[in-house]
file my_file34.csv (CSV, C-alpha atoms and all ligand atoms)
chain,number,residue,atom,x,y,z
A,1,MET,CA,-8.5,-12.2,-17.6
A,2,LYS,CA,-5.8,-9.6,-17.7
A,3,ILE,CA,-5.5,-6.9,-15.1
A,4,GLU,CA,-6.8,-4.1,-17.3
A,5,THR,CA,-10.0,-6.0,-18.0
A,6,ILE,CA,-10.4,-7.0,-14.3
A,7,ALA,CA,-9.9,-3.4,-13.2
A,8,ILE,CA,-12.7,-2.2,-15.5
A,9,HIS,CA,-15.3,-4.9,-15.0
A,10,ALA,CA,-14.9,-6.7,-11.6
A,11,GLY,CA,-16.1,-3.6,-9.6
A,12,ASN,CA,-19.1,-2.7,-11.6
A,13,ARG,CA,-22.5,-4.3,-12.3
A,14,THR,CA,-25.4,-3.0,-14.5
A,15,ASP,CA,-28.3,-2.1,-12.2
A,16,GLU,CA,-31.1,-4.6,-12.5
A,17,THR,CA,-34.0,-2.2,-11.9
A,18,SER,CA,-32.9,0.9,-13.7
A,19,LYS,CA,-30.6,-0.7,-16.2
A,20,ALA,CA,-28.0,2.0,-15.4
A,21,VAL,CA,-24.7,0.8,-16.8
A,22,ILE,CA,-22.8,2.2,-13.9
A,23,GLN,CA,-23.6,1.0,-10.4
A,24,PRO,CA,-25.8,3.3,-8.4
A,25,ILE,CA,-24.6,4.6,-5.0
A,26,VAL,CA,-26.6,2.9,-2.3
A,27,LEU,CA,-26.8,5.2,0.7
A,28,SER,CA,-29.4,3.1,2.6
A,29,THR,CA,-28.1,1.9,5.9
A,30,THR,CA,-30.7,-0.9,6.2
A,31,PHE,CA,-32.2,-3.5,3.8
A,32,GLU,CA,-35.7,-5.0,3.8
A,33,ARG,CA,-36.5,-8.5,4.8
A,34,ALA,CA,-38.7,-10.8,2.8
A,35,THR,CA,-41.9,-12.1,4.5
A,36,ASP,CA,-40.0,-15.4,5.3
A,37,GLY,CA,-37.4,-13.4,7.2
A,38,THR,CA,-34.6,-13.7,4.6
A,39,PHE,CA,-32.7,-10.9,3.0
A,40,PRO,CA,-33.1,-11.4,-0.8
A,41,GLY,CA,-30.7,-8.5,-1.6
A,42,GLY,CA,-27.9,-10.2,0.3
A,43,HIS,CA,-27.4,-7.2,2.7
A,44,ILE,CA,-28.8,-6.6,6.2
A,45,TYR,CA,-27.1,-3.5,7.6
A,46,SER,CA,-24.4,-1.4,6.1
A,47,ARG,CA,-21.8,-1.8,8.8
A,48,ALA,CA,-21.7,-5.5,7.8
A,49,SER,CA,-22.1,-5.0,4.0
A,50,ASN,CA,-23.3,-2.6,1.4
A,51,PRO,CA,-23.7,-3.1,-2.4
A,52,ASN,CA,-21.0,-0.6,-3.3
A,53,ARG,CA,-18.6,-2.1,-0.8
A,54,THR,CA,-19.3,-5.6,-2.1
A,55,LEU,CA,-18.4,-4.5,-5.7
A,56,LEU,CA,-15.2,-2.8,-4.5
A,57,GLU,CA,-14.2,-5.9,-2.5
A,58,ASN,CA,-14.8,-8.0,-5.6
A,59,VAL,CA,-12.5,-6.0,-7.8
A,60,LEU,CA,-9.8,-5.8,-5.0
A,61,ALA,CA,-9.8,-9.6,-4.5
A,62,LYS,CA,-9.5,-10.3,-8.2
A,63,LEU,CA,-6.8,-7.7,-8.8
A,64,GLU,CA,-4.6,-9.4,-6.2
A,65,GLY,CA,-5.7,-12.9,-7.1
A,66,GLY,CA,-7.2,-13.5,-3.6
A,67,ALA,CA,-10.2,-15.5,-2.4
A,68,ASP,CA,-11.8,-12.4,-0.7
A,69,ALA,CA,-11.1,-8.8,0.2
A,70,ALA,CA,-12.3,-6.5,3.0
A,71,SER,CA,-12.3,-2.7,2.4
A,72,PHE,CA,-11.7,-0.3,5.2
A,73,SER,CA,-12.0,3.4,6.0
A,74,SER,CA,-8.2,3.8,5.8
A,75,GLY,CA,-5.0,1.8,5.4
A,76,ASN,CA,-4.3,2.2,9.1
A,77,ALA,CA,-7.7,0.7,9.9
A,78,ALA,CA,-6.9,-2.3,7.7
A,79,GLY,CA,-3.6,-2.8,9.4
A,80,MET,CA,-5.1,-2.3,12.9
A,81,SER,CA,-7.7,-5.0,12.1
A,82,VAL,CA,-5.0,-7.5,11.4
A,83,PHE,CA,-3.3,-6.8,14.7
A,84,GLN,CA,-6.6,-6.9,16.5
A,85,SER,CA,-7.4,-10.3,15.0
A,86,LEU,CA,-4.3,-11.9,16.6
A,87,PRO,CA,-4.6,-13.8,19.9
A,88,PRO,CA,-3.0,-11.8,22.8
A,89,GLY,CA,0.6,-12.8,23.3
A,90,THR,CA,1.2,-13.3,19.6
A,91,HIS,CA,4.7,-12.2,18.5
A,92,ILE,CA,5.0,-10.2,15.3
A,93,ILE,CA,8.2,-9.7,13.3
A,94,ALA,CA,8.2,-6.5,11.2
A,95,PRO,CA,10.7,-4.6,9.2
A,96,ASP,CA,12.8,-1.9,11.0
A,97,ASP,CA,11.6,0.6,8.3
A,98,MET,CA,7.9,-0.4,8.5
A,99,TYR,CA,5.4,2.4,7.6
A,100,HIS,CA,5.7,4.6,10.7
A,101,GLY,CA,1.9,4.8,11.2
A,102,LEU,CA,1.6,1.0,11.6
A,103,ARG,CA,4.8,0.8,13.6
A,104,ASN,CA,3.4,3.4,16.0
A,105,GLN,CA,0.2,1.4,16.3
A,106,LEU,CA,2.1,-1.6,17.5
A,107,LYS,CA,4.3,0.4,19.8
A,108,LEU,CA,1.7,2.7,21.3
A,109,LEU,CA,-1.6,0.7,21.1
A,110,PHE,CA,-0.6,-2.9,21.2
A,111,ALA,CA,2.3,-2.9,23.7
A,112,GLY,CA,1.3,-5.3,26.5
A,113,ILE,CA,-1.1,-7.2,24.2
A,114,LEU,CA,1.1,-8.3,21.4
A,115,THR,CA,4.9,-8.5,21.3
A,116,PHE,CA,7.0,-7.4,18.3
A,117,ASP,CA,10.5,-7.0,16.9
A,118,PHE,CA,11.4,-4.6,14.2
A,119,ILE,CA,14.4,-6.1,12.4
A,120,ASP,CA,16.3,-6.1,9.1
A,121,ILE,CA,13.9,-8.6,7.5
A,122,ASN,CA,16.1,-9.1,4.4
A,123,ASP,CA,18.7,-10.8,6.5
A,124,SER,CA,17.6,-14.4,6.7
A,125,ASP,CA,19.9,-15.2,9.7
A,126,VAL,CA,18.5,-12.2,11.6
A,127,LEU,CA,14.9,-13.3,10.7
A,128,GLN,CA,15.5,-16.9,11.8
A,129,LYS,CA,17.0,-15.7,15.1
A,130,HIS,CA,14.0,-13.7,16.0
A,131,ILE,CA,11.4,-16.4,15.4
A,132,ARG,CA,9.9,-17.7,18.7
A,133,PRO,CA,7.3,-20.4,19.4
A,134,GLU,CA,4.7,-17.6,19.8
A,135,THR,CA,5.6,-15.9,16.5
A,136,GLY,CA,2.3,-15.7,14.5
A,137,LEU,CA,2.9,-13.1,11.9
A,138,ILE,CA,5.7,-11.8,9.7
A,139,TRP,CA,4.8,-8.4,8.3
A,140,ILE,CA,6.6,-7.2,5.2
A,141,GLU,CA,6.5,-4.0,3.1
A,142,THR,CA,8.1,-4.0,-0.3
A,143,PRO,CA,9.2,-1.6,-1.7
A,144,SER,CA,9.5,0.0,1.7
A,145,ASN,CA,8.7,3.6,2.7
A,146,PRO,CA,10.7,5.7,2.2
A,147,LEU,CA,14.0,3.9,1.6
A,148,LEU,CA,12.5,1.8,-1.3
A,149,LYS,CA,14.2,-1.4,0.1
A,150,ILE,CA,13.1,-4.6,-1.5
A,151,THR,CA,12.2,-7.7,0.5
A,152,ASP,CA,12.4,-11.1,-1.2
A,153,ILE,CA,8.9,-12.2,-0.6
A,154,LYS,CA,9.5,-15.9,-1.6
A,155,LYS,CA,12.4,-16.1,0.7
A,156,VAL,CA,10.5,-14.8,3.7
A,157,VAL,CA,7.5,-17.1,2.9
A,158,ALA,CA,9.8,-20.1,2.7
A,159,ILE,CA,11.1,-19.4,6.2
A,160,ALA,CA,7.7,-18.6,7.6
A,161,ARG,CA,6.0,-21.7,6.1
A,162,LYS,CA,8.3,-24.1,7.8
A,163,GLN,CA,7.2,-22.8,11.2
A,164,GLY,CA,3.5,-22.3,10.3
A,165,ILE,CA,3.8,-18.5,10.5
A,166,LYS,CA,1.6,-16.2,8.5
A,167,VAL,CA,3.0,-13.6,6.1
A,168,ALA,CA,1.2,-10.3,5.4
A,169,CYS,CA,2.5,-7.8,2.9
A,170,ASP,CA,1.9,-4.1,2.7
A,171,ASN,CA,1.6,-3.8,-1.1
A,172,THR,CA,0.7,-0.1,-1.2
A,173,PHE,CA,3.9,1.1,-3.0
A,174,ALA,CA,3.8,-1.6,-5.7
A,175,THR,CA,0.0,-2.1,-6.3
A,176,PRO,CA,-1.1,-5.4,-7.9
A,177,VAL,CA,-0.1,-3.9,-11.3
A,178,CYS,CA,3.6,-4.1,-10.3
A,179,GLN,CA,3.6,-7.0,-7.8
A,180,GLN,CA,1.2,-9.7,-6.6
A,181,PRO,CA,2.4,-11.0,-3.2
A,182,LEU,CA,-0.3,-13.7,-2.9
A,183,ALA,CA,1.1,-15.4,-6.0
A,184,LEU,CA,4.5,-15.4,-4.4
A,185,GLY,CA,3.2,-17.2,-1.3
A,186,ALA,CA,2.0,-14.5,1.1
A,187,ASP,CA,-1.2,-15.1,3.1
A,188,LEU,CA,-2.5,-11.6,3.2
A,189,VAL,CA,-2.1,-8.3,1.3
A,190,MET,CA,-2.7,-4.9,2.8
A,191,HIS,CA,-3.2,-1.6,0.9
A,192,SER,CA,-3.7,2.0,1.7
A,193,CYS,CA,-6.3,2.7,-1.0
A,194,THR,CA,-5.7,6.4,-0.2
A,195,LYS,CA,-2.7,6.1,-2.5
A,196,TYR,CA,-2.6,4.6,-6.0
A,197,PHE,CA,-6.1,2.9,-5.9
A,198,GLY,CA,-7.7,6.2,-5.2
A,199,GLY,CA,-5.1,7.9,-7.4
A,200,HIS,CA,-6.4,11.5,-7.1
A,201,SER,CA,-5.6,12.4,-3.5
A,202,ASP,CA,-9.3,12.9,-2.7
A,203,LEU,CA,-10.4,9.9,-0.6
A,204,MET,CA,-9.1,7.6,2.2
A,205,GLY,CA,-9.4,3.9,2.2
A,206,GLY,CA,-7.7,0.6,3.0
A,207,ALA,CA,-8.0,-3.0,2.0
A,208,LEU,CA,-7.0,-6.5,3.0
A,209,ILE,CA,-7.0,-9.3,0.5
A,210,THR,CA,-6.7,-13.0,1.6
A,211,ILE,CA,-5.4,-16.1,-0.2
A,212,GLU,CA,-8.1,-18.2,1.6
A,213,LYS,CA,-11.2,-17.7,3.6
A,214,ASP,CA,-9.7,-19.4,6.7
A,215,ASP,CA,-10.5,-18.9,10.4
A,216,TRP,CA,-8.0,-16.0,10.6
A,217,TRP,CA,-9.9,-14.3,7.8
A,218,GLN,CA,-13.2,-14.8,9.6
A,219,LYS,CA,-11.7,-13.2,12.7
A,220,ILE,CA,-10.5,-10.2,10.6
A,221,ARG,CA,-14.0,-9.8,9.2
A,222,GLN,CA,-15.5,-10.0,12.7
A,223,VAL,CA,-13.1,-7.3,13.9
A,224,GLN,CA,-14.2,-5.1,11.1
A,225,GLU,CA,-17.9,-5.7,11.5
A,226,MET,CA,-17.8,-5.2,15.2
A,227,GLY,CA,-15.4,-2.3,15.1
A,228,GLY,CA,-17.0,-0.5,12.2
A,229,ALA,CA,-13.9,0.7,10.4
A,230,ILE,CA,-15.8,0.7,7.1
A,231,PRO,CA,-15.6,3.0,4.0
A,232,SER,CA,-18.7,5.0,3.0
A,233,PRO,CA,-20.7,4.0,-0.1
A,234,LEU,CA,-19.6,7.1,-1.8
A,235,ASP,CA,-15.9,6.3,-1.1
A,236,CYS,CA,-16.4,2.8,-2.3
A,237,TYR,CA,-18.0,4.1,-5.5
A,238,MET,CA,-15.1,6.6,-6.1
A,239,LEU,CA,-12.6,3.8,-5.5
A,240,THR,CA,-14.1,1.4,-8.0
A,241,ARG,CA,-14.3,4.3,-10.5
A,242,SER,CA,-10.6,5.1,-10.0
A,243,ILE,CA,-9.5,1.5,-10.1
A,244,LYS,CA,-10.7,1.3,-13.7
A,245,THR,CA,-7.7,3.4,-14.8
A,246,LEU,CA,-5.2,2.0,-12.3
A,247,PRO,CA,-3.2,-0.2,-14.7
A,248,TYR,CA,-2.8,2.7,-17.2
A,249,ARG,CA,-2.1,5.3,-14.4
A,250,ILE,CA,0.6,3.0,-13.0
A,251,ARG,CA,2.2,2.7,-16.5
A,252,GLY,CA,2.6,6.4,-16.6
A,253,HIS,CA,3.9,6.6,-13.0
A,254,VAL,CA,6.5,3.9,-13.7
A,255,HIS,CA,7.6,5.5,-16.9
A,256,ASN,CA,8.1,8.9,-15.3
A,257,ALA,CA,9.7,7.5,-12.2
A,258,GLN,CA,12.3,5.5,-14.1
A,259,LEU,CA,13.3,8.5,-16.2
A,260,LEU,CA,13.4,10.9,-13.2
A,261,ALA,CA,15.5,8.4,-11.3
A,262,GLU,CA,18.0,8.1,-14.2
A,263,PHE,CA,18.1,11.9,-14.5
A,264,LEU,CA,18.7,12.3,-10.7
A,265,GLN,CA,21.5,9.7,-10.7
A,266,LYS,CA,23.5,11.9,-13.1
A,267,GLN,CA,23.2,15.1,-11.0
A,268,PRO,CA,26.4,16.2,-9.2
A,269,LYS,CA,24.3,17.6,-6.3
A,270,VAL,CA,22.6,14.3,-5.7
A,271,GLU,CA,24.3,11.9,-3.3
A,272,SER,CA,22.2,8.8,-4.0
A,273,VAL,CA,18.9,7.8,-5.6
A,274,MET,CA,16.7,5.0,-4.3
A,275,TYR,CA,14.6,3.4,-7.0
A,276,PRO,CA,14.2,-0.3,-7.5
A,277,GLY,CA,14.3,0.1,-11.3
A,278,LEU,CA,17.9,1.4,-11.3
A,279,PRO,CA,20.5,-1.4,-11.8
A,280,SER,CA,22.5,0.4,-9.0
A,281,HIS,CA,19.7,-0.4,-6.5
A,282,PRO,CA,21.2,-3.0,-4.1
A,283,GLN,CA,18.2,-5.4,-4.5
A,284,HIS,CA,17.5,-4.6,-8.2
A,285,GLU,CA,17.8,-8.3,-9.1
A,286,ILE,CA,15.2,-9.3,-6.5
A,287,ALA,CA,12.9,-6.5,-7.7
A,288,LYS,CA,13.2,-7.8,-11.3
A,289,ALA,CA,12.3,-11.3,-10.2
A,290,GLN,CA,9.2,-10.4,-8.2
A,291,MET,CA,7.9,-7.2,-9.8
A,292,THR,CA,6.6,-6.7,-13.3
A,293,SER,CA,7.5,-3.0,-13.1
A,294,PHE,CA,9.1,-0.8,-10.3
A,295,GLY,CA,6.4,1.6,-9.2
A,296,GLY,CA,6.1,5.4,-9.1
A,297,MET,CA,7.9,6.2,-5.8
A,298,LEU,CA,11.6,7.2,-5.4
A,299,SER,CA,13.7,8.9,-2.8
A,300,PHE,CA,17.0,10.8,-3.2
A,301,CYS,CA,19.6,12.3,-0.9
A,302,VAL,CA,20.9,15.7,-1.6
A,303,LYS,CA,24.6,16.6,-1.0
A,304,GLY,CA,25.0,19.2,1.8
A,305,GLY,CA,22.7,17.8,4.4
A,306,GLN,CA,19.2,18.9,5.6
A,307,ASP,CA,19.7,22.6,4.8
A,308,GLU,CA,20.5,21.9,1.2
A,309,ALA,CA,17.6,19.4,1.0
A,310,ALA,CA,15.3,22.2,2.4
A,311,ARG,CA,16.6,24.6,-0.2
A,312,VAL,CA,15.8,22.2,-3.1
A,313,ILE,CA,12.4,21.3,-1.8
A,314,ASN,CA,11.4,24.9,-1.4
A,315,LYS,CA,12.5,25.8,-5.0
A,316,LEU,CA,10.3,23.2,-6.7
A,317,LYS,CA,7.3,24.6,-8.5
A,318,ILE,CA,5.4,21.7,-10.0
A,319,PHE,CA,6.1,19.2,-7.2
A,320,THR,CA,3.8,20.1,-4.2
A,321,ARG,CA,5.3,19.8,-0.7
A,322,ALA,CA,2.9,17.4,0.9
A,323,THR,CA,2.8,14.0,2.5
A,324,SER,CA,1.0,11.0,0.9
A,325,LEU,CA,1.5,9.5,-2.6
A,326,GLY,CA,-0.1,7.8,-5.5
A,327,GLY,CA,-2.0,10.8,-6.9
A,328,VAL,CA,-1.8,12.1,-10.5
A,329,GLU,CA,0.1,15.2,-9.2
A,330,SER,CA,3.7,14.9,-8.1
A,331,LEU,CA,4.4,15.3,-4.4
A,332,VAL,CA,7.7,15.8,-2.6
A,333,GLU,CA,8.3,15.4,1.1
A,334,HIS,CA,11.1,15.8,3.7
A,335,ARG,CA,10.3,12.4,5.2
A,336,ALA,CA,12.4,12.5,8.4
A,337,THR,CA,10.4,15.4,9.8
A,338,VAL,CA,7.1,13.5,9.3
A,339,GLU,CA,8.3,10.4,10.9
A,340,GLY,CA,9.5,12.0,14.2
A,341,PRO,CA,12.5,11.6,16.5
A,342,ASP,CA,13.0,7.8,16.2
A,343,THR,CA,13.2,7.9,12.4
A,344,LYS,CA,15.9,6.0,10.6
A,345,THR,CA,15.4,8.2,7.5
A,346,PRO,CA,18.4,10.3,6.5
A,347,PHE,CA,17.8,14.0,7.1
A,348,ASN,CA,19.0,14.9,3.5
A,349,LEU,CA,16.4,12.5,2.0
A,350,LEU,CA,13.5,13.7,-0.2
A,351,ARG,CA,10.8,11.3,-1.1
A,352,VAL,CA,9.0,11.8,-4.4
A,353,SER,CA,5.7,10.5,-5.5
A,354,VAL,CA,6.1,10.8,-9.2
A,355,GLY,CA,2.9,12.0,-10.8
A,356,LEU,CA,1.5,11.9,-14.3
A,357,GLU,CA,2.6,15.4,-15.5
A,358,HIS,CA,4.9,15.3,-18.6
A,359,ILE,CA,8.3,14.0,-17.7
A,360,ASP,CA,10.1,16.9,-19.4
A,361,ASP,CA,8.4,19.4,-17.1
A,362,LEU,CA,9.2,17.3,-14.0
A,363,ILE,CA,12.9,17.0,-15.0
A,364,ALA,CA,13.1,20.7,-15.8
A,365,ASP,CA,11.6,21.6,-12.4
A,366,ILE,CA,14.1,19.4,-10.5
A,367,GLU,CA,16.9,20.7,-12.6
A,368,GLN,CA,16.2,24.4,-11.7
A,369,ALA,CA,15.7,23.5,-8.1
A,370,LEU,CA,19.0,21.7,-7.8
A,371,GLY,CA,20.8,24.4,-9.8
B,1,LIG,C1,-0.3,5.6,3.6
B,1,LIG,C2,0.3,4.3,4.0
B,1,LIG,C3,-0.3,3.5,5.0
B,1,LIG,C4,-1.5,4.0,5.8
B,1,LIG,O1,-2.6,4.2,5.0
B,1,LIG,P1,-3.7,5.4,5.4
B,1,LIG,O2,-4.7,5.2,4.3
B,1,LIG,O3,-3.0,6.7,5.4
B,1,LIG,O4,-4.3,5.0,6.7
B,1,LIG,C5,0.2,2.2,5.2
B,1,LIG,N1,1.3,1.8,4.5
B,1,LIG,C6,1.9,2.5,3.6
B,1,LIG,C7,3.1,1.9,2.8
B,1,LIG,C8,1.4,3.8,3.3
B,1,LIG,O5,2.0,4.5,2.3
call {"tool": "encode", "arguments": {"input": "my_file34.csv", "output": "C-alpha cells"}}
result
Amino acid sequence: MKIETIAIHAGNRTDETSKAVIQPIVLSTTFERATDGTFPGGHIYSRASNPNRTLLENVLAKLEGGADAASFSSGNAAGMSVFQSLPPGTHIIAPDDMYHGLRNQLKLLFAGILTFDFIDINDSDVLQKHIRPETGLIWIETPSNPLLKITDIKKVVAIARKQGIKVACDNTFATPVCQQPLALGADLVMHSCTKYFGGHSDLMGGALITIEKDDWWQKIRQVQEMGGAIPSPLDCYMLTRSIKTLPYRIRGHVHNAQLLAEFLQKQPKVESVMYPGLPSHPQHEIAKAQMTSFGGMLSFCVKGGQDEAARVINKLKIFTRATSLGGVESLVEHRATVEGPDTKTPFNLLRVSVGLEHIDDLIADIEQALG
C-alpha cells in the first residue's frame, strides 16, 4: 500500500462492541483477566500497552517500513531510551550538529556511563578514524537541525555494517513521507512526534521504529516499560488522527519551503539559504538520491550579523517567533540563542518552519521584514 493509504488506515480500527468507525479513547489503566488467568484483550496494564498506543505504534511501524514501533511521551524520551538500552561503556558516534537536546543528554546524563564523539559524520575518513572496538552505535540526523546538512545514509550504513555497528537515524525533519532510513539500511529510526506527526503544535510525543525485533529492540521495550516514558491514550489518539493527513500536509510544507527558499536566495540582504531542495545546497545530489522530497524546514543567514537578524525576525507578522517546528503555522527562530554557549550555529541564522499558509502571504511577509 502507498503511504497515503497507510496513514489513514493503519492507525485506526472499527470498534467491535459499539461499531464506532473511529477508535474510542481507552482511558482505563487496567484490563480484566479471563477466568483462566489470560488477558483476552491483549492488554494488562497501560504502562506496558494500551489499545490507542498499539494502534499508533502500528501506523508508525508501517509508515517507516519497520517490524515494530514504540511510541514515547516525547522525542527526547525516545532518544533517551536508546541510550539507556546500551551496555555501559558503549561508544557512540554522533554528528557535531546533533539536535542539542539529545547531545546534552549524552554530555550531562550519560557521561561516565557511555562514551561519545561528536564529529563531522559526512567525512568518511573522520568517521572511520573514530570507530573503536567498543563503538556500538552511530547516530545520524538528516537533514540536520538547524544547518540542514545531509548525511549519506547508505554510506554510513556501509561503514557501520562492516564492523557490526548499529545505525540509528533521527528522521524528524524529513518524516517517512520524504525519507525512509530503514529502507536505506538503518537499524532504527527516531522521531519527535511533537513536530510533523502531530502537525498542529498541540501535543508532545516521540517514536522509535525498528527494522527487526532483535535483542536490542527487546531491551529498548524493557527500558520503556520499566521507565514509563509513555504517551497518554489521548495523545496517542490525537497523533493517529493527525497522521492521517501527514502525507498531504508534507506536500504543502515542501511546496512552500521550496518556493520560499528560492525567493530568499534572490534577496540581496540574505547571505545564504540552507535548504536541501536548492541545487546550490552542498549535498543536493545526496538529498536527491535518498529523499523523495526535501521537507519543510529551512534556515537562512542575514547579512549584517545578529543585530540585523534580530531586526528581521521582529518585523515578521505571519511567522511566529517560537521554537519547535512541523505545525501548520509558520515559525521562525533565532536558533543560536536557544542552543546555548557551545552552539555551532551562526548568530545571523534564522531557522524557519514553513507552514501551510498561502505561499504568497509568506513571501510578502518576509519581503517587508527584509526591506
Ligand atoms: C524536537 C526534536 C527532538 C526532541 O523531541 P521532543 O519531542 O521535543 O522531545 C529531537 N530531534 C529533533 C531533530 C527535533 O527537532
call {"tool": "closest_atom_pairs", "arguments": {"input": "my_file34.csv", "of": "chain A", "to": "ligand LIG 1 (chain B)", "cutoff": "9 Å", "atoms": "all atoms listed in the file", "output": "Markdown table"}}
result
| residue | atom | partner | partner_atom | distance |
| --- | --- | --- | --- | --- |
| A:Phe72 | CA | B:LIG1 | O2 | 8.9 |
| A:Ser73 | CA | B:LIG1 | O2 | 7.7 |
| A:Ser74 | CA | B:LIG1 | O2 | 4.1 |
| A:Gly75 | CA | B:LIG1 | O1 | 3.4 |
| A:Asn76 | CA | B:LIG1 | O4 | 3.7 |
| A:Ala77 | CA | B:LIG1 | O4 | 6.3 |
| A:Ala78 | CA | B:LIG1 | O4 | 7.8 |
| A:Gly79 | CA | B:LIG1 | C5 | 7.6 |
| A:Met98 | CA | B:LIG1 | C7 | 7.8 |
| A:Tyr99 | CA | B:LIG1 | N1 | 5.2 |
| A:His100 | CA | B:LIG1 | N1 | 8.1 |
| A:Gly101 | CA | B:LIG1 | C4 | 6.4 |
| A:Leu102 | CA | B:LIG1 | C5 | 6.7 |
| A:Glu141 | CA | B:LIG1 | C7 | 6.8 |
| A:Thr142 | CA | B:LIG1 | C7 | 8.3 |
| A:Pro143 | CA | B:LIG1 | C7 | 8.3 |
| A:Ser144 | CA | B:LIG1 | C7 | 6.8 |
| A:Asn145 | CA | B:LIG1 | C7 | 5.9 |
| A:Pro146 | CA | B:LIG1 | C7 | 8.5 |
| A:Asp170 | CA | B:LIG1 | C7 | 6.1 |
| A:Asn171 | CA | B:LIG1 | C7 | 7.1 |
| A:Thr172 | CA | B:LIG1 | C7 | 5.1 |
| A:Phe173 | CA | B:LIG1 | C7 | 5.9 |
| A:Met190 | CA | B:LIG1 | N1 | 8.0 |
| A:His191 | CA | B:LIG1 | C5 | 6.7 |
| A:Ser192 | CA | B:LIG1 | O1 | 4.1 |
| A:Cys193 | CA | B:LIG1 | O2 | 6.1 |
| A:Thr194 | CA | B:LIG1 | O2 | 4.8 |
| A:Lys195 | CA | B:LIG1 | C1 | 6.6 |
| A:Leu203 | CA | B:LIG1 | O2 | 8.9 |
| A:Met204 | CA | B:LIG1 | O2 | 5.4 |
| A:Gly205 | CA | B:LIG1 | O2 | 5.3 |
| A:Gly206 | CA | B:LIG1 | O2 | 5.6 |
| A:Ser324 | CA | B:LIG1 | C1 | 6.2 |
| A:Leu325 | CA | B:LIG1 | O5 | 7.0 |
| A:Gly326 | CA | B:LIG1 | O5 | 8.7 |
call {"tool": "atom_distance", "arguments": {"input": "my_file34.csv", "atom1": "CA of His253 in chain A", "atom2": "CA of Gly355 in chain A"}}
result
5.9 Å
call {"tool": "closest_residue", "arguments": {"input": "my_file34.csv", "among": "A:Cys178, A:Ile230, A:Ala7, A:Leu350", "to": "Leu246 in chain A", "atoms": "all atoms listed in the file"}}
result
A:Ala7
call {"tool": "residues_around", "arguments": {"input": "my_file34.csv", "residues": "Lys244 in chain A", "least_positions_apart": "6", "cutoff": "9 Å", "atoms": "all atoms listed in the file", "output": "mmCIF file with C-alpha atoms, in the coordinates of the input"}}
result
data_model
loop_
_atom_site.group_PDB
_atom_site.id
_atom_site.type_symbol
_atom_site.label_atom_id
_atom_site.label_comp_id
_atom_site.auth_asym_id
_atom_site.auth_seq_id
_atom_site.Cartn_x
_atom_site.Cartn_y
_atom_site.Cartn_z
ATOM 1 C CA GLU A 4 -6.800 -4.100 -17.300
ATOM 2 C CA THR A 5 -10.000 -6.000 -18.000
ATOM 3 C CA ILE A 6 -10.400 -7.000 -14.300
ATOM 4 C CA ALA A 7 -9.900 -3.400 -13.200
ATOM 5 C CA ILE A 8 -12.700 -2.200 -15.500
ATOM 6 C CA HIS A 9 -15.300 -4.900 -15.000
ATOM 7 C CA GLY A 11 -16.100 -3.600 -9.600
#
call {"tool": "closest_atom_pairs", "arguments": {"input": "my_file34.csv", "of": "range 162-259 of chain A", "to": "range 264-269 of chain A", "cutoff": "12 Å", "atoms": "all atoms listed in the file", "output": "JSON lines"}}
result
{"residue": "A:Ala257", "atom": "CA", "partner": "A:Leu264", "partner_atom": "CA", "distance": 10.3}
{"residue": "A:Gln258", "atom": "CA", "partner": "A:Leu264", "partner_atom": "CA", "distance": 9.9}
{"residue": "A:Leu259", "atom": "CA", "partner": "A:Leu264", "partner_atom": "CA", "distance": 8.6}
call {"tool": "residues_around", "arguments": {"input": "my_file34.csv", "residues": "Glu262 in chain A", "least_positions_apart": "5", "cutoff": "12 Å", "atoms": "all atoms listed in the file", "output": "ChimeraX atom specification"}}
result
/A:255-257,267,270,272-281,298,300,359,363
call {"tool": "closest_atom_pairs", "arguments": {"input": "my_file34.csv", "of": "range 154-244 of chain A", "to": "range 52-67 of chain A", "cutoff": "12 Å", "atoms": "all atoms listed in the file", "output": "Markdown table"}}
result
| residue | atom | partner | partner_atom | distance |
| --- | --- | --- | --- | --- |
| A:Cys169 | CA | A:Glu64 | CA | 11.7 |
| A:Asn171 | CA | A:Glu64 | CA | 9.8 |
| A:Thr172 | CA | A:Glu64 | CA | 11.8 |
| A:Ala174 | CA | A:Glu64 | CA | 11.5 |
| A:Thr175 | CA | A:Glu64 | CA | 8.6 |
| A:Pro176 | CA | A:Glu64 | CA | 5.6 |
| A:Val177 | CA | A:Leu63 | CA | 8.1 |
| A:Cys178 | CA | A:Glu64 | CA | 10.6 |
| A:Gln179 | CA | A:Glu64 | CA | 8.7 |
| A:Gln180 | CA | A:Glu64 | CA | 5.8 |
| A:Pro181 | CA | A:Glu64 | CA | 7.8 |
| A:Leu182 | CA | A:Gly65 | CA | 6.9 |
| A:Ala183 | CA | A:Gly65 | CA | 7.3 |
| A:Leu184 | CA | A:Gly65 | CA | 10.8 |
| A:Gly185 | CA | A:Gly66 | CA | 11.3 |
| A:Ala186 | CA | A:Gly66 | CA | 10.4 |
| A:Asp187 | CA | A:Gly66 | CA | 9.1 |
| A:Leu188 | CA | A:Gly66 | CA | 8.5 |
| A:Val189 | CA | A:Glu64 | CA | 8.0 |
| A:Met190 | CA | A:Glu64 | CA | 10.2 |
| A:His191 | CA | A:Leu60 | CA | 9.8 |
| A:Ser192 | CA | A:Leu60 | CA | 12.0 |
| A:Cys193 | CA | A:Leu60 | CA | 10.0 |
| A:Phe197 | CA | A:Leu60 | CA | 9.5 |
| A:Gly198 | CA | A:Leu56 | CA | 11.7 |
| A:Gly205 | CA | A:Leu56 | CA | 11.1 |
| A:Gly206 | CA | A:Leu60 | CA | 10.5 |
| A:Ala207 | CA | A:Leu60 | CA | 7.8 |
| A:Leu208 | CA | A:Leu60 | CA | 8.5 |
| A:Ile209 | CA | A:Ala61 | CA | 5.7 |
| A:Thr210 | CA | A:Gly66 | CA | 5.2 |
| A:Ile211 | CA | A:Gly66 | CA | 4.6 |
| A:Glu212 | CA | A:Ala67 | CA | 5.3 |
| A:Lys213 | CA | A:Ala67 | CA | 6.5 |
| A:Asp214 | CA | A:Ala67 | CA | 9.9 |
| A:Trp217 | CA | A:Ala67 | CA | 10.3 |
| A:Ile230 | CA | A:Arg53 | CA | 8.8 |
| A:Pro231 | CA | A:Arg53 | CA | 7.6 |
| A:Ser232 | CA | A:Arg53 | CA | 8.1 |
| A:Pro233 | CA | A:Asn52 | CA | 5.6 |
| A:Leu234 | CA | A:Asn52 | CA | 8.0 |
| A:Asp235 | CA | A:Arg53 | CA | 8.8 |
| A:Cys236 | CA | A:Arg53 | CA | 5.6 |
| A:Tyr237 | CA | A:Asn52 | CA | 6.0 |
| A:Met238 | CA | A:Leu56 | CA | 9.5 |
| A:Leu239 | CA | A:Leu56 | CA | 7.2 |
| A:Thr240 | CA | A:Leu56 | CA | 5.6 |
| A:Arg241 | CA | A:Leu56 | CA | 9.3 |
| A:Ser242 | CA | A:Leu56 | CA | 10.7 |
| A:Ile243 | CA | A:Val59 | CA | 8.4 |
| A:Lys244 | CA | A:Val59 | CA | 9.6 |
